[in-house]
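Worksheet: the structure to be examined is printed underneath.
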Amino acid sequence: MAVKAAYAKGGAGIDAVQVRETAMPAPGAGEVLVRLAAATLNFRDLLFSKGVLQNMTKQPEYVPLSCATGEVVAVGAGVDGFQPGERVNPTFVQGVARSEGMSAQMLGGTADGVARTHAVFPAISLCKVPDELGDLEAATLACAGLTAWSALFGARPIQAGEWVLVQGTGGVSLAALQWAKAAGANVVLTSSSDAKLRRGAALGADVTINYKTNPDWAQAARAKLGGKGVDIVVDVAGAQDLAGSAAVVNDGGIIAAIGMLGGEFSWGKDIGKTIVPIAVGSADQHDAMLAFAAKHRIRPVVDVVYDLDRIQDALRRLESGAFFGKVGVNLL
């Protein structure tokens, strides 16, 4: 039996992504063979494809995507924690202790990712998916979901009744909205689309602001909060919106710096407010996130799903910015 997989070359662009067959791998000691069912895309997949982060991709080619759900097919020698038939998420970082969240091996970049039908992973780098989450829903969590989790429950854990400002309606942003609401916090959501803001309000956003029609969105947010600010800004825009983030965050609050949609990270900037660089997270944190999602019956948002053979179309959908939540890929 062969494996169908997508292959990309850093900097070669979307058109260079190819789907072809390769040999079925076998799990070695401490490893698990997983039949992957569903995957989702992240903004980083575009950055790798376009060569913006070319030094972070495996050479000469790599299997893209970092978030997936699958089913255990076989286990190697010495693996006691997993059985065939169990559903799992591969963790974003691979091959490190479960309490560690940093590694040189990151799926879909420095390590081959999950845009394939089967793959072998270290058992230490798998998390069991609860029954309350479907395959596509769980496939939103390894990168975007866990990044949002770290932003809200990491350096400064959000408390019930506090306020979070979430930028945009992509995967990280909507995950942060859902985590925050489940934790009893309040959410300000910004977007350039009134239609997306209405969908965000339906997910629980307490205040919505169109930053195109309200260029000084930070002042607009404070006005809607009676002059008060927010306690955590989930910053996916990066340095381009840093002044607004600084203006809206309370003293003692943080700017959880995640993204660089504007081309530059907020990390390391001196703006008189606390900026916390957010990595993704550890396997232990991933387990905690999955348990939280199951407990609160959270249903992550998937906008549209493509078959693996149409992964170029999936990447173009991501590039368009027209999606709400996550762009998915069916691997079955």
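Naming scheme: A, B, ... for chains in displayed order of the structure tokens; residues 1 onward per chain; ligands 1 onward as shown.
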### Query
Near region 101-118 of chain A, counting only C-alpha atoms, which residues have an atom at most 7 Å away, once you skip same-chain residues fewer than 2 positions from it, shown as a ChimeraX atom specification?
/A:3-6,34-36,39,56-58,62-68,92-94,96,99,280-282,331-332
### Message
Excluding Cys127 (chain A) and its own-chain neighbours fewer than 2 positions away, which residues fall within 9 Å of it when counting only C-alpha atoms? Please give them as a PyMOL selection string.
### Response
chain A and resi 87-91+123-125+129+283-284+286-287+290
### Message
Would you pick out the contacts of Val73 (chain A) at 9 Å or less, using only C-alpha atoms, so that residues sharing its chain but fewer than 3 positions from it are not included, and give the list as a VMD selection string?
### Response
chain A and resid 32 to 35 83 to 86
Writing out the chosen residues with C-alpha atoms as a compact mmCIF listing (two decimals), in the first residue's frame:
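Okay, this is what ended up in selection36.txt:
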```txt
# COMPACT_ATOMS: atom_id res chain seq x y z
CA VAL A 32 3.49 5.06 16.00
CA LEU A 33 2.10 4.72 12.48
CA VAL A 34 -0.93 6.97 12.01
CA ARG A 35 -3.54 6.97 9.25
CA GLN A 83 -3.47 1.20 20.66
CA PRO A 84 -4.66 0.73 17.06
CA GLY A 85 -7.94 2.52 16.46
CA GLU A 86 -7.31 5.43 18.86
```
### Shell of 8 Å around Asp235 (chain A), only C-alpha atoms, local chain residues under 6 positions omitted, as a ChimeraX atom specification
/A:166-167,245,255-259
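Residue nearest Glu132 (chain A), chosen from A:Ala16, A:Ile254, A:Leu242, A:Lys295 and counting only C-alpha atoms: A:Lys295.
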### Query
Counting only C-alpha atoms, which of A:Thr208, A:Ala201, A:Gly168, A:Val188 gets nearest to Ala237 (chain A)?
A:Gly168
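By only C-alpha atoms, and with residues fewer than 4 positions from Thr147 (chain A) along its chain excluded, the set lying at most 9 Å from it is Leu141, Ala142, Cys143, Ala151, Leu152, Val172, Ala175, Ala176, Ile258, Ile278, Ala279, Val280 and Gly281 of chain A.
As for CA of Gly13 (chain A) and CA of Gln312 (chain A), they are spaced 9.7 Å apart.
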### Message
For a quick check of understanding, using only C-alpha atoms, which of A:Gly28, A:Gly145, A:Pro60, A:Gly95 has the smallest distance to Ala74 (chain A)?
### Response
A:Gly28
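The residue that comes closest to Ser193 (chain A), out of A:Ala144, A:Ala322, A:Ala223, A:Ala38 and on the basis of only C-alpha atoms, is A:Ala322.
Distances from A:Ala155, A:Gly226, A:Phe82, A:Asp303 to Pro277 (chain A) were compared using only C-alpha atoms, and the smallest one belongs to A:Ala155.
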### Message
From a backbone DSSP assignment, name each residue in region 191-327 of chain A labelled helix (DSSP H, G or I), as a PyMOL selection string.
### Response
chain A and resi 194-202+217-224+239-248+283-295+308-320
Would you export the selected residues with N, CA and C atoms as a compact mmCIF listing (two decimals), in the first residue's frame, please?
```txt
# COMPACT_ATOMS: atom_id res chain seq x y z
N ASP A 194 -17.84 43.37 7.98
CA ASP A 194 -19.02 43.35 8.84
C ASP A 194 -19.66 41.96 8.86
N ALA A 195 -19.62 41.27 7.73
CA ALA A 195 -20.19 39.92 7.68
C ALA A 195 -19.46 38.98 8.63
N LYS A 196 -18.11 39.07 8.63
CA LYS A 196 -17.34 38.23 9.54
C LYS A 196 -17.57 38.63 10.99
N LEU A 197 -17.75 39.91 11.25
CA LEU A 197 -18.02 40.36 12.61
C LEU A 197 -19.36 39.82 13.10
N ARG A 198 -20.35 39.75 12.20
CA ARG A 198 -21.64 39.18 12.61
C ARG A 198 -21.48 37.70 12.96
N ARG A 199 -20.66 36.99 12.20
CA ARG A 199 -20.42 35.58 12.51
C ARG A 199 -19.65 35.45 13.83
N GLY A 200 -18.72 36.38 14.07
CA GLY A 200 -18.00 36.37 15.33
C GLY A 200 -18.91 36.63 16.51
N ALA A 201 -19.86 37.54 16.34
CA ALA A 201 -20.83 37.82 17.40
C ALA A 201 -21.67 36.58 17.70
N ALA A 202 -21.99 35.82 16.66
CA ALA A 202 -22.76 34.59 16.86
C ALA A 202 -21.97 33.56 17.64
N TRP A 217 -9.22 51.99 15.96
CA TRP A 217 -10.02 50.93 16.57
C TRP A 217 -9.78 50.80 18.07
N ALA A 218 -8.58 51.19 18.51
CA ALA A 218 -8.29 51.11 19.95
C ALA A 218 -9.17 52.09 20.73
N GLN A 219 -9.30 53.32 20.21
CA GLN A 219 -10.17 54.30 20.86
C GLN A 219 -11.62 53.84 20.79
N ALA A 220 -12.00 53.26 19.65
CA ALA A 220 -13.37 52.77 19.52
C ALA A 220 -13.65 51.66 20.54
N ALA A 221 -12.65 50.80 20.76
CA ALA A 221 -12.82 49.73 21.74
C ALA A 221 -12.98 50.31 23.15
N ARG A 222 -12.12 51.25 23.50
CA ARG A 222 -12.22 51.85 24.84
C ARG A 222 -13.56 52.57 25.01
N ALA A 223 -14.04 53.21 23.95
CA ALA A 223 -15.32 53.91 24.04
C ALA A 223 -16.44 52.92 24.33
N LYS A 224 -16.41 51.77 23.67
CA LYS A 224 -17.45 50.77 23.87
C LYS A 224 -17.34 50.10 25.23
N ALA A 239 3.73 44.10 14.05
CA ALA A 239 4.17 45.46 14.32
C ALA A 239 3.28 46.52 13.68
N GLN A 240 2.57 46.20 12.60
CA GLN A 240 1.79 47.22 11.91
C GLN A 240 0.67 47.80 12.77
N ASP A 241 0.16 47.04 13.71
CA ASP A 241 -0.93 47.51 14.57
C ASP A 241 -0.50 47.64 16.03
N LEU A 242 0.80 47.73 16.26
CA LEU A 242 1.30 47.71 17.64
C LEU A 242 0.87 48.94 18.42
N ALA A 243 0.80 50.11 17.78
CA ALA A 243 0.38 51.32 18.49
C ALA A 243 -1.05 51.18 19.01
N GLY A 244 -1.91 50.58 18.19
CA GLY A 244 -3.28 50.36 18.64
C GLY A 244 -3.34 49.37 19.78
N SER A 245 -2.55 48.31 19.70
CA SER A 245 -2.53 47.32 20.78
C SER A 245 -2.06 47.97 22.08
N ALA A 246 -1.02 48.82 22.00
CA ALA A 246 -0.51 49.50 23.19
C ALA A 246 -1.55 50.44 23.78
N ALA A 247 -2.33 51.07 22.90
CA ALA A 247 -3.33 52.03 23.37
C ALA A 247 -4.53 51.36 24.04
N VAL A 248 -4.82 50.12 23.67
CA VAL A 248 -6.03 49.49 24.17
C VAL A 248 -5.77 48.58 25.38
N ALA A 283 3.24 19.24 24.54
CA ALA A 283 2.25 18.17 24.48
C ALA A 283 1.36 18.17 25.72
N ASP A 284 1.94 18.48 26.88
CA ASP A 284 1.13 18.56 28.09
C ASP A 284 0.07 19.65 27.97
N GLN A 285 0.46 20.80 27.42
CA GLN A 285 -0.49 21.89 27.20
C GLN A 285 -1.54 21.49 26.17
N HIS A 286 -1.11 20.74 25.15
CA HIS A 286 -2.04 20.26 24.14
C HIS A 286 -3.10 19.35 24.78
N ASP A 287 -2.67 18.46 25.66
CA ASP A 287 -3.61 17.59 26.37
C ASP A 287 -4.60 18.42 27.20
N ALA A 288 -4.09 19.44 27.89
CA ALA A 288 -4.96 20.28 28.71
C ALA A 288 -5.98 21.02 27.84
N MET A 289 -5.53 21.49 26.68
CA MET A 289 -6.43 22.18 25.75
C MET A 289 -7.53 21.25 25.25
N LEU A 290 -7.16 20.02 24.88
CA LEU A 290 -8.15 19.06 24.40
C LEU A 290 -9.19 18.75 25.48
N ALA A 291 -8.73 18.59 26.71
CA ALA A 291 -9.66 18.31 27.81
C ALA A 291 -10.60 19.49 28.03
N PHE A 292 -10.08 20.70 27.93
CA PHE A 292 -10.89 21.92 28.09
C PHE A 292 -11.94 21.99 26.98
N ALA A 293 -11.52 21.72 25.74
CA ALA A 293 -12.45 21.75 24.61
C ALA A 293 -13.56 20.73 24.79
N ALA A 294 -13.20 19.54 25.26
CA ALA A 294 -14.21 18.50 25.48
C ALA A 294 -15.16 18.89 26.61
N LYS A 295 -14.62 19.41 27.70
CA LYS A 295 -15.44 19.79 28.85
C LYS A 295 -16.46 20.85 28.49
N LEU A 308 -7.02 16.32 -0.70
CA LEU A 308 -5.57 16.48 -0.77
C LEU A 308 -5.10 16.83 -2.19
N ASP A 309 -5.74 16.25 -3.20
CA ASP A 309 -5.35 16.53 -4.57
C ASP A 309 -5.54 18.01 -4.94
N ARG A 310 -6.33 18.71 -4.15
CA ARG A 310 -6.58 20.14 -4.40
C ARG A 310 -5.89 21.02 -3.36
N ILE A 311 -4.76 20.59 -2.86
CA ILE A 311 -4.08 21.37 -1.83
C ILE A 311 -3.64 22.74 -2.35
N GLN A 312 -3.33 22.85 -3.63
CA GLN A 312 -3.02 24.17 -4.18
C GLN A 312 -4.21 25.11 -4.03
N ASP A 313 -5.42 24.61 -4.29
CA ASP A 313 -6.62 25.43 -4.13
C ASP A 313 -6.83 25.82 -2.66
N ALA A 314 -6.51 24.89 -1.76
CA ALA A 314 -6.63 25.20 -0.33
C ALA A 314 -5.68 26.33 0.05
N LEU A 315 -4.45 26.28 -0.46
CA LEU A 315 -3.48 27.33 -0.17
C LEU A 315 -3.91 28.67 -0.76
N ARG A 316 -4.52 28.63 -1.94
CA ARG A 316 -4.99 29.88 -2.54
C ARG A 316 -6.17 30.45 -1.76
N ARG A 317 -7.01 29.59 -1.23
CA ARG A 317 -8.10 30.06 -0.38
C ARG A 317 -7.54 30.76 0.85
N LEU A 318 -6.52 30.16 1.44
CA LEU A 318 -5.86 30.79 2.59
C LEU A 318 -5.26 32.13 2.19
N GLU A 319 -4.61 32.16 1.05
CA GLU A 319 -3.97 33.38 0.56
C GLU A 319 -4.99 34.49 0.32
N SER A 320 -6.20 34.13 -0.07
CA SER A 320 -7.22 35.13 -0.40
C SER A 320 -7.69 35.93 0.80
```
### Message
I want to know what sits within 6 Å of Glu31 (chain A), based on only C-alpha atoms, with residues of the same chain fewer than 4 positions away left out; could you give that as JSON, numbers by chain?
### Response
{"A": [27, 76, 121, 122, 123]}
### Task
To one decimal in Å, tell me the separation between CA of Tyr211 (chain A) and CA of Asn250 (chain A).
19.8 Å
### Task
From the DSSP assignment of the backbone, select every residue of region 7-248 of chain A that is strand (DSSP E), and format the answer as a VMD selection string.
chain A and resid 7 18 to 23 31 to 40 67 to 75 87 to 90 118 to 122 126 to 128 163 to 167 186 to 191 207 to 210 230 to 235
